[in-house]
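Data block for start_29.txt (compact mmCIF, C-alpha atoms):
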# COMPACT_ATOMS: atom_id res chain seq x y z
CA MET Y 26 12.94 -10.20 95.41
CA MET Y 27 9.37 -10.88 94.19
CA ARG Y 28 7.88 -8.30 96.53
CA PHE Y 29 9.75 -5.54 94.65
CA LEU Y 30 8.92 -6.87 91.22
CA TRP Y 31 5.27 -5.79 91.07
CA PRO Y 32 5.76 -2.20 92.23
CA LEU Y 33 8.62 -1.95 89.74
CA ILE Y 34 6.44 -3.22 86.89
CA ILE Y 35 3.63 -0.81 87.82
CA PHE Y 36 6.12 2.04 88.00
CA LEU Y 37 7.55 1.22 84.57
CA VAL Y 38 4.06 1.03 83.03
CA LEU Y 39 3.29 4.44 84.52
CA VAL Y 40 6.53 5.87 83.13
CA GLY Y 41 5.60 4.41 79.74
CA PHE Y 42 2.20 6.15 79.79
CA LEU Y 43 3.74 9.46 80.84
CA PHE Y 44 6.39 9.17 78.14
CA VAL Y 45 3.79 8.60 75.44
CA GLY Y 46 1.82 11.53 76.88
CA LEU Y 47 4.79 13.81 76.30
CA SER Y 48 4.69 13.21 72.56
CA LEU Y 49 0.94 13.77 72.19
CA LYS Y 50 -0.16 17.06 70.67
CA PRO Y 51 -3.23 18.33 72.54
CA ARG Y 52 -3.50 21.18 70.01
CA GLU Y 53 -4.31 18.74 67.26
CA VAL Y 54 -7.83 17.66 68.02
CA PRO Y 55 -8.88 14.78 65.76
CA SER Y 56 -11.64 15.94 63.45
CA PRO Y 57 -14.91 13.99 63.45
CA LEU Y 58 -15.34 15.09 59.82
CA ILE Y 59 -12.71 12.73 58.40
CA ASP Y 60 -14.39 10.30 55.97
CA LYS Y 61 -17.59 12.33 56.12
CA VAL Y 62 -19.08 14.35 53.28
CA ALA Y 63 -17.61 17.84 53.29
CA PRO Y 64 -20.22 20.41 54.36
CA ALA Y 65 -21.63 22.18 51.32
CA PHE Y 66 -21.21 25.91 51.04
CA THR Y 67 -21.98 28.78 48.70
CA LEU Y 68 -19.78 31.80 49.25
CA PRO Y 69 -18.81 34.98 47.40
CA GLN Y 70 -15.53 34.95 45.51
CA LEU Y 71 -12.74 37.10 46.87
CA HIS Y 72 -11.85 38.71 43.56
CA ALA Y 73 -15.43 38.95 42.29
CA PRO Y 74 -17.67 39.56 45.32
CA THR Y 75 -20.86 39.55 43.27
CA LYS Y 76 -20.19 36.00 42.03
CA GLN Y 77 -21.02 33.05 44.24
CA PHE Y 78 -19.09 29.84 44.28
CA SER Y 79 -20.59 26.55 45.41
CA SER Y 80 -18.66 23.57 46.72
CA GLU Y 81 -20.86 21.42 44.44
CA ASP Y 82 -18.77 22.66 41.51
CA MET Y 83 -15.75 20.73 42.83
CA LYS Y 84 -17.47 17.34 42.55
CA GLY Y 85 -15.57 14.89 40.39
CA GLN Y 86 -12.11 16.11 41.25
CA VAL Y 87 -9.73 15.89 44.16
CA TRP Y 88 -9.09 19.29 45.72
CA LEU Y 89 -7.54 21.02 48.68
CA LEU Y 90 -9.37 23.50 50.84
CA ASN Y 91 -6.93 25.83 52.54
CA VAL Y 92 -8.31 28.05 55.31
CA TRP Y 93 -6.24 31.19 55.69
CA ALA Y 94 -6.46 34.87 56.59
CA SER Y 95 -4.36 37.98 56.21
CA TRP Y 96 -4.21 38.30 60.03
CA CYS Y 97 -2.90 34.75 60.40
CA VAL Y 98 0.79 34.72 61.21
CA SER Y 99 1.58 31.07 60.60
CA CYS Y 100 -0.10 31.30 57.18
CA ARG Y 101 3.06 33.11 56.08
CA GLN Y 102 5.04 30.05 57.06
CA GLU Y 103 3.12 27.69 54.78
CA HIS Y 104 2.63 30.16 51.96
CA PRO Y 105 5.84 29.43 49.98
CA ILE Y 106 4.99 25.72 50.11
CA LEU Y 107 1.53 26.38 48.70
CA MET Y 108 3.05 28.61 46.01
CA ASP Y 109 5.36 25.77 44.99
CA LEU Y 110 2.52 23.29 44.98
CA SER Y 111 0.31 25.49 42.81
CA LYS Y 112 3.08 25.80 40.22
CA GLN Y 113 3.24 22.02 39.90
CA ASN Y 114 -0.44 21.88 38.84
CA ILE Y 115 -1.09 18.64 40.70
CA VAL Y 116 -4.24 19.56 42.54
CA PRO Y 117 -6.42 22.70 42.68
CA ILE Y 118 -6.19 24.63 45.94
CA LEU Y 119 -9.27 26.51 47.00
CA GLY Y 120 -8.49 29.33 49.40
CA LEU Y 121 -11.03 30.15 52.09
CA ASP Y 122 -10.31 33.63 53.38
CA TYR Y 123 -11.55 33.18 56.95
CA LYS Y 124 -12.93 36.05 59.05
CA ASP Y 125 -10.99 38.61 57.09
CA LYS Y 126 -11.61 41.91 55.34
CA SER Y 127 -11.68 41.22 51.61
CA ALA Y 128 -9.44 44.22 50.89
CA ASP Y 129 -6.83 42.92 53.37
CA GLY Y 130 -7.04 39.45 51.89
CA MET Y 131 -6.53 40.69 48.36
CA ALA Y 132 -3.64 42.93 49.40
CA TRP Y 133 -2.03 39.98 51.17
CA LEU Y 134 -2.27 37.82 48.04
CA ARG Y 135 -0.82 40.61 45.89
CA GLU Y 136 2.11 40.93 48.25
CA HIS Y 137 2.89 37.25 48.86
CA GLY Y 138 1.60 35.69 45.63
CA ASN Y 139 -1.62 33.84 44.95
CA PRO Y 140 -1.41 30.05 45.04
CA TYR Y 141 -5.16 29.57 44.84
CA TRP Y 142 -7.14 28.25 41.94
CA LEU Y 143 -9.97 30.30 43.41
CA SER Y 144 -10.48 32.29 46.61
CA ILE Y 145 -13.73 32.53 48.50
CA VAL Y 146 -14.63 34.66 51.51
CA ASP Y 147 -16.10 33.46 54.79
CA LYS Y 148 -16.46 36.80 56.48
CA GLU Y 149 -18.44 35.68 59.51
CA GLY Y 150 -16.70 32.34 59.93
CA ARG Y 151 -19.87 30.28 59.51
CA VAL Y 152 -18.46 27.88 56.94
CA GLY Y 153 -15.42 27.68 59.20
CA ILE Y 154 -17.66 26.39 62.01
CA ASP Y 155 -19.22 23.83 59.65
CA TYR Y 156 -15.75 22.55 58.85
CA GLY Y 157 -14.70 22.58 62.51
CA VAL Y 158 -11.99 25.16 61.92
CA TYR Y 159 -10.35 26.33 65.15
CA GLY Y 160 -6.74 27.04 64.31
CA VAL Y 161 -5.99 28.82 61.06
CA PRO Y 162 -4.33 27.72 58.81
CA GLU Y 163 -6.06 24.43 58.21
CA THR Y 164 -6.01 22.34 55.06
CA TYR Y 165 -8.48 19.69 53.96
CA VAL Y 166 -8.03 17.03 51.29
CA ILE Y 167 -11.40 16.34 49.65
CA ASP Y 168 -11.96 13.51 47.19
CA LYS Y 169 -13.95 13.19 43.96
CA GLN Y 170 -17.13 12.26 45.83
CA GLY Y 171 -16.79 15.30 48.08
CA VAL Y 172 -15.61 13.36 51.15
CA ILE Y 173 -13.01 14.83 53.51
CA ARG Y 174 -10.05 12.46 53.63
CA TYR Y 175 -7.45 14.38 55.59
CA LYS Y 176 -7.17 17.48 57.71
CA GLN Y 177 -3.99 19.33 58.44
CA ILE Y 178 -4.20 21.55 61.51
CA GLY Y 179 -1.67 24.34 61.43
CA PRO Y 180 0.68 25.18 58.59
CA VAL Y 181 1.41 22.70 55.81
CA THR Y 182 5.06 21.70 56.02
CA VAL Y 183 7.29 20.16 53.38
CA ALA Y 184 7.20 16.94 55.39
CA SER Y 185 3.40 16.81 55.75
CA LEU Y 186 3.02 17.62 52.06
CA GLN Y 187 5.45 14.94 50.85
CA GLU Y 188 4.53 12.25 53.36
CA GLN Y 189 0.79 12.70 53.76
CA ILE Y 190 -0.98 15.11 51.45
CA LEU Y 191 0.61 14.37 48.05
CA PRO Y 192 0.56 10.54 48.34
CA LEU Y 193 -3.08 10.73 49.43
CA VAL Y 194 -3.98 13.08 46.57
CA ALA Y 195 -2.27 10.75 44.05
CA GLU Y 196 -4.13 7.76 45.46
CA LEU Y 197 -7.49 9.54 45.41
CA GLN Y 198 -6.94 10.78 41.86
CA ARG Y 199 -6.34 7.22 40.64
CA LYS Y 200 -9.69 6.08 41.98
CA MET N 1385 -4.22 69.08 74.10
CA LYS N 1386 -3.99 67.73 77.61
CA THR N 1387 -7.76 67.91 78.12
CA ILE N 1388 -8.42 66.11 74.88
CA LEU N 1389 -6.05 63.38 75.95
CA MET N 1390 -7.72 63.19 79.34
CA VAL N 1391 -11.17 62.85 77.81
CA PHE N 1392 -9.86 60.18 75.48
CA MET N 1393 -8.32 58.22 78.33
CA CYS N 1394 -11.58 58.40 80.25
CA LEU N 1395 -13.25 56.80 77.25
CA ILE N 1396 -10.90 53.81 77.17
CA PRO N 1397 -12.75 51.82 79.87
CA MET N 1398 -15.97 52.48 77.94
CA MET N 1399 -14.52 50.55 75.01
CA GLY N 1400 -14.30 47.53 77.22
CA ILE N 1401 -17.95 47.85 78.18
CA ALA N 1402 -18.90 48.25 74.53
CA GLY N 1403 -17.06 45.03 73.74
CA VAL N 1404 -18.99 43.07 76.34
CA ALA N 1405 -22.33 44.59 75.43
CA LYS N 1406 -21.88 43.56 71.81
CA ASP N 1407 -21.67 39.96 72.91
CA MET N 1408 -25.01 39.87 74.73
CA ALA N 1409 -28.34 38.66 73.51
CA GLU N 1410 -31.38 40.91 73.74
CA ASP N 1411 -33.16 38.45 75.97
CA PRO N 1412 -31.53 37.98 79.41
CA VAL N 1413 -33.20 34.61 79.95
CA LEU N 1414 -31.80 33.29 76.70
CA GLU N 1415 -28.39 34.74 77.52
CA LYS N 1416 -28.43 32.93 80.87
CA ARG N 1417 -29.36 29.67 79.19
CA MET N 1418 -26.62 30.18 76.60
CA ILE N 1419 -23.98 30.84 79.28
CA GLY N 1420 -25.17 27.79 81.22
CA LEU N 1421 -24.68 25.60 78.18
CA ALA N 1422 -21.42 27.26 77.15
CA GLU N 1423 -19.94 26.52 80.58
CA LYS N 1424 -20.23 22.82 79.79
CA LEU N 1425 -18.35 23.23 76.52
CA ARG N 1426 -14.67 23.60 75.93
CA CYS N 1427 -13.14 26.32 73.80
CA LEU N 1428 -10.85 24.78 71.19
CA VAL N 1429 -8.50 27.73 71.00
CA CYS N 1430 -7.72 28.16 74.70
CA GLN N 1431 -8.26 24.57 75.65
CA ASN N 1432 -8.54 25.00 79.40
CA GLU N 1433 -11.26 27.61 79.18
CA SER N 1434 -14.94 27.02 78.71
CA LEU N 1435 -16.81 28.48 75.79
CA ALA N 1436 -18.50 30.82 78.26
CA SER N 1437 -15.33 32.37 79.65
CA SER N 1438 -13.07 32.40 76.61
CA HIS N 1439 -12.40 35.66 74.83
CA SER N 1440 -11.13 34.06 71.65
CA ASP N 1441 -12.73 34.99 68.36
CA LEU N 1442 -13.90 31.46 67.75
CA ALA N 1443 -15.58 31.27 71.16
CA GLU N 1444 -17.43 34.48 70.37
CA ASP N 1445 -18.59 33.03 67.06
CA LEU N 1446 -19.66 29.80 68.70
CA ARG N 1447 -21.58 31.67 71.38
CA ARG N 1448 -23.34 33.56 68.59
CA GLU N 1449 -24.09 30.24 66.91
CA VAL N 1450 -25.49 28.75 70.14
CA ARG N 1451 -27.60 31.86 70.72
CA GLU N 1452 -29.04 31.71 67.21
CA GLN N 1453 -29.88 28.06 67.52
CA MET N 1454 -31.61 28.65 70.85
CA ASN N 1455 -33.63 31.36 69.13
CA LYS N 1456 -34.59 28.81 66.51
CA GLY N 1457 -35.98 26.69 69.33
CA MET N 1458 -33.37 23.94 69.36
CA SER N 1459 -32.87 22.02 72.60
CA ASP N 1460 -29.58 21.98 74.51
CA ASP N 1461 -28.94 18.40 73.44
CA GLU N 1462 -29.47 19.25 69.78
CA ILE N 1463 -27.02 22.14 70.05
CA ILE N 1464 -24.44 19.93 71.74
CA ASP N 1465 -24.87 17.36 68.96
CA TYR N 1466 -24.37 20.12 66.40
CA LEU N 1467 -21.06 21.13 67.96
CA VAL N 1468 -19.85 17.56 68.50
CA GLU N 1469 -20.53 16.82 64.81
CA ARG N 1470 -18.10 19.57 63.89
CA TYR N 1471 -15.49 19.64 66.62
CA GLY N 1472 -15.70 16.15 68.09
CA ASP N 1473 -16.13 14.93 71.65
CA PHE N 1474 -13.30 17.24 72.60
CA VAL N 1475 -15.75 20.13 73.09
CA LEU N 1476 -17.50 18.31 75.91
CA TYR N 1477 -16.23 18.80 79.45
CA ASP N 1478 -18.48 15.89 80.45
CA PRO N 1479 -17.44 13.10 78.09
CA ARG N 1480 -20.26 10.82 76.98
CA VAL N 1481 -20.32 7.23 78.15
CA LYS N 1482 -19.49 5.06 75.12
CA SER N 1483 -17.13 2.26 74.19
CA THR N 1484 -14.07 4.52 73.85
CA THR N 1485 -14.70 6.36 77.11
CA LEU N 1486 -15.52 3.35 79.29
CA LEU N 1487 -11.98 3.22 80.67
CA LEU N 1488 -12.09 6.93 81.39
CA TRP N 1489 -15.36 6.65 83.28
CA PHE N 1490 -14.85 3.39 85.10
CA GLY N 1491 -11.04 3.12 85.20
CA PRO N 1492 -10.78 4.84 88.60
CA PHE N 1493 -13.30 2.43 90.12
CA LEU N 1494 -11.36 -0.44 88.58
CA LEU N 1495 -8.18 0.83 90.22
CA LEU N 1496 -9.97 1.33 93.55
CA GLY N 1497 -11.43 -2.20 93.38
CA GLY N 1498 -8.04 -3.66 92.42
CA GLY N 1499 -6.33 -1.83 95.27
CA GLY N 1500 -8.98 -2.95 97.75
CA LEU N 1501 -8.68 -6.56 96.59
CA MET N 1502 -4.90 -6.49 96.94
CA LEU N 1503 -5.15 -5.01 100.42
CA PHE N 1504 -7.66 -7.66 101.43
CA LEU N 1505 -5.49 -10.51 100.10
CA GLN N 1506 -2.38 -9.12 101.77
CA LEU N 1507 -4.12 -8.80 105.14
CA ARG N 1508 -5.49 -12.32 104.89
CA LYS N 1509 -2.07 -13.69 104.00
CA ARG N 1510 -0.49 -11.82 106.91
CA LYS N 1511 -3.07 -13.11 109.32
CA ARG N 1512 -2.50 -16.67 108.12
CA THR N 1513 1.29 -16.45 108.45
CA LEU N 1514 0.89 -15.02 111.95
CA MET N 1515 -1.40 -17.90 112.89
CA GLU N 1516 1.04 -20.45 111.47
CA THR N 1517 4.07 -19.07 113.29
CA LYS N 1518 2.24 -19.12 116.61
CA THR N 1519 3.96 -21.79 118.68
CA GLU N 1520 3.74 -23.00 122.26
CA LEU N 1521 6.15 -21.33 124.67
CA THR N 1522 8.91 -23.41 126.12
CA PRO N 1523 8.76 -23.60 129.95
CA GLU N 1524 11.88 -21.40 130.19
CA ALA N 1525 10.40 -18.74 127.98
CA ALA N 1526 7.13 -18.80 129.94
CA GLN N 1527 9.06 -18.41 133.18
CA ARG N 1528 11.03 -15.46 131.74
CA ALA N 1529 7.85 -13.77 130.56
CA ALA N 1530 6.24 -14.19 133.98
CA ASP N 1531 9.38 -12.75 135.64
CA LEU N 1532 9.35 -9.75 133.35
CA LEU N 1533 5.66 -9.12 134.02
CA ASN N 1534 6.19 -9.39 137.77
CA GLU N 1535 9.14 -7.03 137.57
CA GLN N 1536 6.98 -4.47 135.81
CA LYS N 1537 4.26 -4.85 138.40
CA ASP N 1538 6.85 -4.27 141.18
CA THR N 1539 8.19 -1.07 139.66
CA GLN N 1540 4.67 0.24 139.16
CA ALA N 1541 3.77 -0.44 142.79
I need this file expressed as structure tokens, please.
Amino acid sequence: MMRFLWPLIIFLVLVGFLFVGLSLKPREVPSPLIDKVAPAFTLPQLHAPTKQFSSEDMKGQVWLLNVWASWCVSCRQEHPILMDLSKQNIVPILGLDYKDKSADGMAWLREHGNPYWLSIVDKEGRVGIDYGVYGVPETYVIDKQGVIRYKQIGPVTVASLQEQILPLVAELQRK
Amino acid sequence: MKTILMVFMCLIPMMGIAGVAKDMAEDPVLEKRMIGLAEKLRCLVCQNESLASSHSDLAEDLRREVREQMNKGMSDDEIIDYLVERYGDFVLYDPRVKSTTLLLWFGPFLLLGGGGLMLFLQLRKRKRTLMETKTELTPEAAQRAADLLNEQKDTQA
């Protein structure tokens, strides 16, 4: 009996590894920027292109940075959730219009509603690279000291908002 | 109308060429160096393609970024560090040797060594059991073996 025990154990361990592998999401690459200072940027505002906005101005408050674009299909999926969130006035959402034509971005916001406290434009995607953006939409939670605490890759869902983002925001705001 | 359409269709392949040309650096040496480096890096959008071969928008932007940094005189290692800072070790096709990748790098050798050790132990055990079970032949058995051998010799002859 013993001679079958070891191969069986090895087989079961292998099955265990493969089973865990099935539930991993290779699309969600862990960001090295978590718990690091958010890269500083100065970008033109979407609705006032001559005015610049600097990330320094957000120091002292907890905020969300939402990377979106008018060409991004799954942004439509998260949009109603962001609209809801903005109405609750819990946390300011900064919209980064990523690699988009400003006119398209503005038209998109007129059509679907504007959940953003302020919108800025990253036309060439350079700030996107600094933030390690690779799959729009992406959402960052940034604390009062300007440190990135959480990154959501892909659309914000009701579940991710209730279970991760909002509890984290509440905790960071208390600090 | 037909001629206009024909001319237009002839121009379609040119669009493709224009697209590629846009993505090239002025300096062919630099472009070669950039492609060489980009082949070692993974595109995050189409994860099984290198940064050199991917046609995704992000890959194009990152190639532009790499090109610009090479123009600034940064070394390949500095550029790799720059990308790893932003996108993590995931961009590297050749993972670095560090505490979290030790198993990845040396795991196969560990398995090979373990397998070899098990094979060695098994063979030694087998040899020992064979030695232990070796017993003297009884006179009858020896006689039978000799008869069988003789019989074989007869048929061969």
Find the axis-aligned box for segment 1436-1442 of chain N, covering all its listed atoms and adding 8 Å on each side, and write its centre and edge lengths in Å to one decimal as lines of an AutoDock Vina configuration file.
center_x = -14.8
center_y = 33.2
center_z = 73.7
size_x = 23.4
size_y = 20.8
size_z = 27.9
- Message: I want to know what sits within 10 Å of Val181 of chain Y, based on all atoms listed in the file, with residues of the same chain fewer than 2 positions away left out; could you give that as a PyMOL selection string?
- Response: chain Y and resi 91+99-100+102-107+162-164+177-179+183-186+190
- Proximal residues of chain Y relative to chain N (all atoms listed in the file; 9 Å) as a ChimeraX atom specification: /Y:51-52,54-58,149-151,154-160
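Atom to atom, atom CA of Asp1538 of chain N and atom CA of Glu1524 of chain N stand 21.0 Å apart.
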- Using all atoms listed in the file, find the one residue out of Y:Val194, Y:Lys50, Y:Leu68, Y:Ala132 that sits nearest to Ile118 of chain Y. Y:Val194
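Atom pair atom CA of His1439 of chain N / atom CA of Asn1455 of chain N has a distance of 22.4 Å (rounded to one decimal).
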